[in-house]
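Data block for target12.cif (mmCIF, C-alpha atoms and all ligand atoms):
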```cif
data_protein
loop_
_atom_site.group_PDB
_atom_site.id
_atom_site.type_symbol
_atom_site.label_atom_id
_atom_site.label_comp_id
_atom_site.auth_asym_id
_atom_site.auth_seq_id
_atom_site.Cartn_x
_atom_site.Cartn_y
_atom_site.Cartn_z
ATOM 1 C CA MET C 201 71.035 85.889 83.615
ATOM 2 C CA VAL C 202 72.283 82.364 84.203
ATOM 3 C CA GLN C 203 76.035 82.107 83.771
ATOM 4 C CA THR C 204 77.226 78.849 82.264
ATOM 5 C CA GLN C 205 80.826 78.042 82.925
ATOM 6 C CA THR C 206 82.514 76.498 79.913
ATOM 7 C CA ILE C 207 84.524 73.345 80.504
ATOM 8 C CA PRO C 208 88.168 73.823 79.509
ATOM 9 C CA TYR C 209 88.918 71.565 76.546
ATOM 10 C CA TYR C 210 91.508 68.943 77.386
ATOM 11 C CA HIS C 211 92.260 65.767 75.455
ATOM 12 C CA ALA C 212 93.745 63.104 77.718
ATOM 13 C CA THR C 213 96.966 61.514 76.521
ATOM 14 C CA GLY C 214 97.162 58.822 79.191
ATOM 15 C CA ARG C 215 95.699 58.126 82.628
ATOM 16 C CA GLU C 216 96.601 61.537 84.033
ATOM 17 C CA GLU C 217 93.009 62.438 84.929
ATOM 18 C CA GLU C 218 92.573 59.337 87.067
ATOM 19 C CA VAL C 219 95.959 59.824 88.735
ATOM 20 C CA PHE C 220 95.233 63.467 89.518
ATOM 21 C CA THR C 221 91.833 62.657 91.008
ATOM 22 C CA HIS C 222 93.408 60.133 93.365
ATOM 23 C CA ALA C 223 96.248 62.498 94.243
ATOM 24 C CA PHE C 224 93.659 65.130 95.186
ATOM 25 C CA LYS C 225 91.679 62.648 97.250
ATOM 26 C CA ASN C 226 94.811 61.516 99.094
ATOM 27 C CA LYS C 227 96.283 65.012 99.448
ATOM 28 C CA ILE C 228 99.484 64.142 97.606
ATOM 29 C CA PRO C 229 101.359 66.955 95.824
ATOM 30 C CA PHE C 230 101.435 66.569 92.036
ATOM 31 C CA LEU C 231 104.321 67.326 89.670
ATOM 32 C CA LEU C 232 103.801 67.737 85.918
ATOM 33 C CA LYS C 233 106.988 67.104 83.981
ATOM 34 C CA GLY C 234 107.415 67.971 80.346
ATOM 35 C CA PRO C 235 108.409 70.479 77.722
ATOM 36 C CA THR C 236 106.574 73.747 77.232
ATOM 37 C CA GLY C 237 103.292 73.695 75.298
ATOM 38 C CA THR C 238 102.370 70.086 76.008
ATOM 39 C CA GLY C 239 99.088 70.865 77.750
ATOM 40 C CA LYS C 240 100.225 70.950 81.386
ATOM 41 C CA SER C 241 98.454 74.194 82.275
ATOM 42 C CA ARG C 242 95.372 73.223 80.300
ATOM 43 C CA PHE C 243 95.231 69.922 82.168
ATOM 44 C CA ILE C 244 95.293 71.679 85.542
ATOM 45 C CA GLU C 245 92.542 74.092 84.442
ATOM 46 C CA TYR C 246 90.501 71.123 83.292
ATOM 47 C CA MET C 247 91.060 69.160 86.507
ATOM 48 C CA SER C 248 90.185 72.107 88.721
ATOM 49 C CA HIS C 249 86.942 72.335 86.802
ATOM 50 C CA GLN C 250 86.310 68.592 87.080
ATOM 51 C CA LEU C 251 86.947 68.605 90.825
ATOM 52 C CA ASP C 252 85.110 71.904 91.270
ATOM 53 C CA GLN C 253 88.111 73.507 92.953
ATOM 54 C CA LYS C 254 89.465 77.019 92.677
ATOM 55 C CA ILE C 255 92.885 77.240 91.032
ATOM 56 C CA ILE C 256 95.566 79.848 91.707
ATOM 57 C CA THR C 257 98.406 79.870 89.155
ATOM 58 C CA ILE C 258 101.829 81.358 89.773
ATOM 59 C CA SER C 259 104.204 81.568 86.813
ATOM 60 C CA CYS C 260 107.535 81.203 88.563
ATOM 61 C CA HIS C 261 110.619 83.045 87.330
ATOM 62 C CA GLU C 262 114.055 83.726 88.756
ATOM 63 C CA GLU C 263 112.796 86.602 90.917
ATOM 64 C CA THR C 264 109.852 84.688 92.426
ATOM 65 C CA SER C 265 110.483 84.555 96.177
ATOM 66 C CA ALA C 266 108.819 82.998 99.193
ATOM 67 C CA THR C 267 107.556 86.475 100.146
ATOM 68 C CA ASP C 268 105.715 86.739 96.821
ATOM 69 C CA LEU C 269 103.908 83.506 97.630
ATOM 70 C CA ILE C 270 103.399 83.800 101.378
ATOM 71 C CA GLY C 271 102.658 87.498 101.814
ATOM 72 C CA ARG C 272 104.067 90.789 103.006
ATOM 73 C CA PHE C 273 103.408 93.834 105.163
ATOM 74 C CA ILE C 274 102.239 96.833 103.187
ATOM 75 C CA ILE C 275 101.823 100.438 104.226
ATOM 76 C CA LYS C 276 98.198 101.580 104.174
ATOM 77 C CA GLY C 277 97.784 105.181 105.246
ATOM 78 C CA ALA C 278 99.493 105.450 108.626
ATOM 79 C CA GLU C 279 99.299 101.731 109.258
ATOM 80 C CA THR C 280 101.261 98.649 108.331
ATOM 81 C CA VAL C 281 98.956 95.804 107.351
ATOM 82 C CA TRP C 282 99.633 92.198 106.470
ATOM 83 C CA LEU C 283 98.599 90.982 103.030
ATOM 84 C CA ASP C 284 98.332 87.232 102.420
ATOM 85 C CA GLY C 285 100.155 86.027 99.314
ATOM 86 C CA PRO C 286 98.533 83.567 96.875
ATOM 87 C CA LEU C 287 99.977 80.471 98.573
ATOM 88 C CA THR C 288 98.664 81.534 101.981
ATOM 89 C CA THR C 289 95.253 82.259 100.475
ATOM 90 C CA ALA C 290 95.167 78.797 98.869
ATOM 91 C CA VAL C 291 96.275 77.137 102.120
ATOM 92 C CA LYS C 292 93.644 78.970 104.186
ATOM 93 C CA GLU C 293 90.695 78.847 101.796
ATOM 94 C CA GLY C 294 91.365 75.509 100.122
ATOM 95 C CA ALA C 295 92.411 75.830 96.490
ATOM 96 C CA ILE C 296 94.748 74.181 94.010
ATOM 97 C CA ILE C 297 97.950 76.216 93.833
ATOM 98 C CA TYR C 298 99.779 75.676 90.563
ATOM 99 C CA LEU C 299 103.450 76.667 90.633
ATOM 100 C CA ASP C 300 104.276 76.725 86.948
ATOM 101 C CA GLU C 301 108.018 76.169 86.269
ATOM 102 C CA VAL C 302 108.774 75.837 89.969
ATOM 103 C CA ALA C 303 112.492 75.137 89.371
ATOM 104 C CA GLU C 304 112.879 78.690 88.091
ATOM 105 C CA ALA C 305 111.883 80.229 91.436
ATOM 106 C CA ARG C 306 114.329 81.259 94.148
ATOM 107 C CA PRO C 307 115.455 78.500 96.528
ATOM 108 C CA ASP C 308 113.459 79.985 99.434
ATOM 109 C CA VAL C 309 110.256 79.044 97.574
ATOM 110 C CA ILE C 310 111.247 75.388 97.722
ATOM 111 C CA VAL C 311 112.019 75.736 101.429
ATOM 112 C CA ALA C 312 108.647 77.410 102.048
ATOM 113 C CA ILE C 313 106.631 74.616 100.426
ATOM 114 C CA HIS C 314 108.417 71.732 102.160
ATOM 115 C CA SER C 315 106.146 71.565 105.199
ATOM 116 C CA LEU C 316 103.135 71.639 102.874
ATOM 117 C CA THR C 317 104.340 68.617 100.944
ATOM 118 C CA ASP C 318 104.539 66.122 103.819
ATOM 119 C CA HIS C 319 102.232 64.832 106.533
ATOM 120 C CA ARG C 320 102.266 68.212 108.285
ATOM 121 C CA ARG C 321 100.434 70.047 105.493
ATOM 122 C CA GLU C 322 101.164 73.355 107.129
ATOM 123 C CA LEU C 323 102.651 76.669 106.109
ATOM 124 C CA PHE C 324 104.998 78.591 108.338
ATOM 125 C CA ILE C 325 104.643 82.347 107.923
ATOM 126 C CA ASP C 326 107.974 83.509 109.302
ATOM 127 C CA LYS C 327 107.159 87.226 109.198
ATOM 128 C CA LEU C 328 104.141 86.637 111.484
ATOM 129 C CA GLY C 329 105.652 83.770 113.461
ATOM 130 C CA GLU C 330 102.494 81.800 112.624
ATOM 131 C CA THR C 331 101.842 78.307 111.344
ATOM 132 C CA VAL C 332 98.730 77.746 109.235
ATOM 133 C CA LYS C 333 97.219 74.275 108.788
ATOM 134 C CA ALA C 334 96.141 73.612 105.217
ATOM 135 C CA HIS C 335 92.433 73.508 104.389
ATOM 136 C CA ASP C 336 91.172 70.048 103.426
ATOM 137 C CA ASN C 337 90.863 71.075 99.772
ATOM 138 C CA PHE C 338 94.327 72.594 99.502
ATOM 139 C CA MET C 339 96.469 70.913 96.864
ATOM 140 C CA LEU C 340 99.984 71.733 95.752
ATOM 141 C CA VAL C 341 100.713 71.280 92.053
ATOM 142 C CA ALA C 342 103.938 72.203 90.282
ATOM 143 C CA SER C 343 105.339 71.925 86.789
ATOM 144 C CA PHE C 344 108.899 71.406 85.724
ATOM 145 C CA ASN C 345 110.608 71.200 82.354
ATOM 146 C CA PRO C 346 113.251 68.461 82.536
ATOM 147 C CA GLY C 347 114.319 69.078 78.931
ATOM 148 C CA TYR C 348 116.027 72.240 80.033
ATOM 149 C CA GLN C 349 119.768 72.124 79.711
ATOM 150 C CA ARG C 350 122.546 74.674 79.449
ATOM 151 C CA GLY C 351 122.069 77.020 82.355
ATOM 152 C CA PHE C 352 118.504 76.158 83.259
ATOM 153 C CA LYS C 353 117.708 74.984 86.729
ATOM 154 C CA GLU C 354 117.224 71.462 87.999
ATOM 155 C CA LEU C 355 114.853 70.334 90.728
ATOM 156 C CA LYS C 356 116.648 68.597 93.598
ATOM 157 C CA PRO C 357 115.835 64.913 94.184
ATOM 158 C CA SER C 358 114.845 65.739 97.778
ATOM 159 C CA THR C 359 112.192 68.119 96.428
ATOM 160 C CA ARG C 360 111.041 65.906 93.554
ATOM 161 C CA GLN C 361 110.414 63.024 95.904
ATOM 162 C CA ARG C 362 107.780 65.031 97.730
ATOM 163 C CA PHE C 363 105.498 64.822 94.691
ATOM 164 C CA ILE C 364 103.972 62.145 92.574
ATOM 165 C CA ALA C 365 104.939 62.897 89.005
ATOM 166 C CA VAL C 366 103.386 62.496 85.576
ATOM 167 C CA SER C 367 105.197 63.100 82.285
ATOM 168 C CA PHE C 368 103.634 65.201 79.566
ATOM 169 C CA GLU C 369 104.922 64.656 76.054
ATOM 170 C CA TYR C 370 103.774 65.634 72.573
ATOM 171 C CA PRO C 371 100.594 63.660 71.893
ATOM 172 C CA GLU C 372 100.485 60.950 69.268
ATOM 173 C CA PRO C 373 99.520 62.311 65.812
ATOM 174 C CA ARG C 374 95.897 61.146 65.940
ATOM 175 C CA VAL C 375 95.346 62.991 69.226
ATOM 176 C CA GLU C 376 97.301 66.090 68.235
ATOM 177 C CA ILE C 377 95.250 66.408 65.022
ATOM 178 C CA GLU C 378 92.089 66.247 67.107
ATOM 179 C CA ILE C 379 93.422 68.913 69.466
ATOM 180 C CA LEU C 380 94.159 71.269 66.557
ATOM 181 C CA ILE C 381 90.703 70.770 65.082
ATOM 182 C CA ASN C 382 88.986 71.259 68.436
ATOM 183 C CA GLU C 383 91.009 74.304 69.409
ATOM 184 C CA THR C 384 90.824 76.129 66.085
ATOM 185 C CA GLN C 385 88.132 74.546 63.857
ATOM 186 C CA VAL C 386 90.774 74.251 61.136
ATOM 187 C CA ASP C 387 90.183 71.662 58.346
ATOM 188 C CA ALA C 388 91.261 68.104 59.130
ATOM 189 C CA ASP C 389 93.588 68.139 56.132
ATOM 190 C CA ILE C 390 95.450 71.220 57.387
ATOM 191 C CA ALA C 391 95.575 69.830 60.926
ATOM 192 C CA LYS C 392 97.135 66.661 59.608
ATOM 193 C CA LYS C 393 99.751 68.569 57.621
ATOM 194 C CA LEU C 394 100.641 70.737 60.611
ATOM 195 C CA VAL C 395 101.066 67.698 62.836
ATOM 196 C CA ASN C 396 103.293 66.115 60.182
ATOM 197 C CA ILE C 397 105.429 69.262 60.146
ATOM 198 C CA GLY C 398 105.618 69.207 63.935
ATOM 199 C CA ASN C 399 106.774 65.619 64.028
ATOM 200 C CA LYS C 400 109.240 66.094 61.196
ATOM 201 C CA ILE C 401 110.944 68.984 63.033
ATOM 202 C CA ARG C 402 110.817 67.135 66.377
ATOM 203 C CA ASN C 403 112.808 64.345 64.763
ATOM 204 C CA LEU C 404 115.498 66.695 63.441
ATOM 205 C CA THR C 405 117.560 66.357 66.602
ATOM 206 C CA GLU C 406 120.738 67.288 64.728
ATOM 207 C CA LEU C 407 119.523 70.918 64.623
ATOM 208 C CA GLY C 408 120.227 71.182 68.354
ATOM 209 C CA LEU C 409 117.168 73.342 69.053
ATOM 210 C CA THR C 410 116.763 74.157 72.763
ATOM 211 C CA GLU C 411 113.029 73.579 72.510
ATOM 212 C CA THR C 412 111.246 71.976 69.607
ATOM 213 C CA VAL C 413 107.764 72.400 68.073
ATOM 214 C CA SER C 414 105.130 72.298 70.794
ATOM 215 C CA THR C 415 101.435 71.618 70.400
ATOM 216 C CA ARG C 416 100.981 75.290 71.310
ATOM 217 C CA LEU C 417 102.924 76.411 68.213
ATOM 218 C CA LEU C 418 100.882 74.124 65.991
ATOM 219 C CA VAL C 419 97.657 75.459 67.529
ATOM 220 C CA ASP C 420 98.826 79.015 66.800
ATOM 221 C CA ALA C 421 99.604 78.135 63.166
ATOM 222 C CA ALA C 422 96.191 76.492 62.795
ATOM 223 C CA LYS C 423 94.476 79.579 64.239
ATOM 224 C CA LEU C 424 96.248 81.873 61.764
ATOM 225 C CA ILE C 425 95.385 79.635 58.812
ATOM 226 C CA HIS C 426 91.786 79.329 59.942
ATOM 227 C CA SER C 427 91.504 83.103 60.168
ATOM 228 C CA GLY C 428 92.733 83.497 56.582
ATOM 229 C CA LEU C 429 96.487 84.132 56.757
ATOM 230 C CA PRO C 430 98.275 82.276 53.930
ATOM 231 C CA LYS C 431 99.320 78.788 54.988
ATOM 232 C CA ARG C 432 103.054 79.058 54.398
ATOM 233 C CA LEU C 433 103.323 82.440 56.089
ATOM 234 C CA SER C 434 101.343 81.106 59.064
ATOM 235 C CA VAL C 435 103.744 78.212 59.484
ATOM 236 C CA HIS C 436 106.796 80.464 59.124
ATOM 237 C CA VAL C 437 105.705 82.888 61.823
ATOM 238 C CA ALA C 438 103.988 80.473 64.211
ATOM 239 C CA VAL C 439 106.181 77.397 63.966
ATOM 240 C CA VAL C 440 109.594 78.204 62.488
ATOM 241 C CA GLU C 441 110.515 81.703 63.696
ATOM 242 C CA PRO C 442 109.888 81.019 67.412
ATOM 243 C CA LEU C 443 112.286 78.065 67.315
ATOM 244 C CA THR C 444 115.587 79.668 66.353
ATOM 245 C CA ASP C 445 117.401 82.843 65.318
ATOM 246 C CA ASP C 446 120.011 81.053 63.257
ATOM 247 C CA LEU C 447 119.522 82.277 59.684
ATOM 248 C CA GLN C 448 120.601 79.078 57.977
ATOM 249 C CA THR C 449 118.400 76.898 60.165
ATOM 250 C CA LEU C 450 115.475 79.279 59.619
ATOM 251 C CA GLU C 451 115.826 79.059 55.861
ATOM 252 C CA ALA C 452 116.198 75.284 55.899
ATOM 253 C CA LEU C 453 113.132 74.851 58.126
ATOM 254 C CA LYS C 454 111.015 77.232 56.059
ATOM 255 C CA ASP C 455 111.921 75.355 52.858
ATOM 256 C CA LEU C 456 111.055 72.075 54.514
ATOM 257 C CA CYS C 457 107.690 73.367 55.775
ATOM 258 C CA ASP C 458 106.801 74.918 52.402
ATOM 259 C CA LEU C 459 106.963 71.449 50.899
ATOM 260 C CA MET C 460 104.718 70.009 53.574
ATOM 261 C CA ILE C 461 101.832 72.485 53.826
HETATM 262 P P1 LIG C 501 102.148 73.978 78.989
HETATM 263 O O1 LIG C 501 101.479 74.410 80.255
HETATM 264 O O2 LIG C 501 102.581 72.547 78.997
HETATM 265 O O3 LIG C 501 103.252 74.910 78.555
HETATM 266 P P2 LIG C 501 99.587 74.579 77.761
HETATM 267 O O4 LIG C 501 98.690 73.816 78.652
HETATM 268 O O5 LIG C 501 99.605 76.071 77.913
HETATM 269 O O6 LIG C 501 101.087 74.020 77.817
HETATM 270 O O7 LIG C 501 99.204 74.157 76.277
HETATM 271 C C1 LIG C 501 99.430 75.014 75.176
HETATM 272 C C2 LIG C 501 98.291 74.921 74.217
HETATM 273 O O8 LIG C 501 98.341 73.657 73.548
HETATM 274 C C3 LIG C 501 96.933 74.964 74.895
HETATM 275 O O9 LIG C 501 96.467 76.300 74.962
HETATM 276 C C4 LIG C 501 96.077 74.126 73.965
HETATM 277 O O10 LIG C 501 95.640 74.903 72.885
HETATM 278 C C5 LIG C 501 97.039 73.101 73.400
HETATM 279 N N1 LIG C 501 97.092 71.786 74.032
HETATM 280 C C6 LIG C 501 98.220 71.090 74.290
HETATM 281 N N2 LIG C 501 97.923 69.861 74.764
HETATM 282 C C7 LIG C 501 96.576 69.783 74.838
HETATM 283 C C8 LIG C 501 95.662 68.745 75.245
HETATM 284 N N3 LIG C 501 96.099 67.554 75.672
HETATM 285 N N4 LIG C 501 94.339 69.004 75.154
HETATM 286 C C9 LIG C 501 93.912 70.212 74.712
HETATM 287 N N5 LIG C 501 94.718 71.217 74.313
HETATM 288 C C10 LIG C 501 96.040 71.014 74.366
#
```

The structure in this file should be written as structure tokens.
Amino acid sequence: MVQTQTIPYYHATGREEEVFTHAFKNKIPFLLKGPTGTGKSRFIEYMSHQLDQKIITISCHEETSATDLIGRFIIKGAETVWLDGPLTTAVKEGAIIYLDEVAEARPDVIVAIHSLTDHRRELFIDKLGETVKAHDNFMLVASFNPGYQRGFKELKPSTRQRFIAVSFEYPEPRVEIEILINETQVDADIAKKLVNIGNKIRNLTELGLTETVSTRLLVDAAKLIHSGLPKRLSVHVAVVEPLTDDLQTLEALKDLCDLMI
């Protein structure tokens, strides 16, 4: 049987595709900045398909350490054997490594990637005392959410300046409507209403929400509506509830959405 690989659906919002292609060609690390749910991961999936490159994604969190990325010794029977981590594999075999939310990782991760982000393009494996030169097709990609405040981590200027950076924002309404229709096959009228709701809530800055309505939340609402869940309920559970736990804000947002869907 012939296997056909489906192309990940990605709707460009600027010249990011062109920039990424040139970054890959010139072996320059790439940083995607922007709030959650703005298509950063989808873009990388799409680009890896376009460039015919393997992609290895690491979702970084506060426990992610250099060892997790580089590798470790494991006990196998009576022996101790070395196991390459995902970063080492990407460096050796030539793949795009995508460090999602890199600022969340432990500081030793940032230290470990430094020599890969400059002219050296090499990885030092301290536990083996070895230095590995990166494969020609190795590319380092990271994402970072600059909207984070209150206790979330920043990315140091000395690290940021090792990447070229592209901002990802919520797409303009025309594009976001198209994304909803393409992702969920929902009616154009519903897509339009959902995008209106999204933009209305995004503009309510006085609510002080840590994160606002992402395209992802709107896609989820559209999926629920398309599969037959009542419209208002879909918006409550997919758009409003994930945003806040404050009862008054929840009620106010639900009332607002009920009028708009
Ligand atoms: P991020 O990595 O920025 O958190 P994702 O790439 O996971 O966000 O996007 C979340 C969802 O939003 C995707 O699964 C997709 O359905 C939709 N989406 C957002 N932006 C786009 C876009 N430009 N093109 C296609 N789908 C998009």

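What separates CA of Pro442 in chain C from CA of Met247 in chain C is a distance of 29.3 Å.
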
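In this comparison, which uses all atoms listed in the file, the residue of C:Ile296, C:Val332, C:Ala452, C:Leu394 approaching Ile379 in chain C most closely is C:Leu394.
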
Quick one: residues within 9 Å of ligand LIG 501 (chain C), with all atoms listed in the file, as a PyMOL selection string?
chain C and resi 208-213+232-245+300+343+345+368-371+375-376+378-380+382-384+414-420

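Shortest atom-to-atom contact with Ala223 in chain C among C:Cys260, C:Leu283, C:Ile274, C:Ala365: C:Ala365, counting only C-alpha atoms.
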
Rounded to one decimal, what separation in Å do you get between CA of His314 in chain C and CA of Glu216 in chain C?
23.9 Å

Go through the shown structure with the PyMOL selection byres (((chain C and resi 389) around 12) and not hetatm) and write out the matching residues as a list in words.
Ile377, Glu378, Leu380, Ile381, Gln385, Val386, Asp387, Ala388, Ile390, Ala391, Lys392, Lys393, Leu394, Val395, Asn396, Ala422, Ile425, His426, Met460 and Ile461 of chain C

So which residues get picked by the PyMOL selection byres (((chain C and resi 333) around 9) and not hetatm) here, written as a PyMOL selection string?
chain C and resi 291-292+316+320-324+331-332+334-335

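Counting from CA of Gly398 in chain C, the distance to CA of Val440 in chain C is 9.9 Å.
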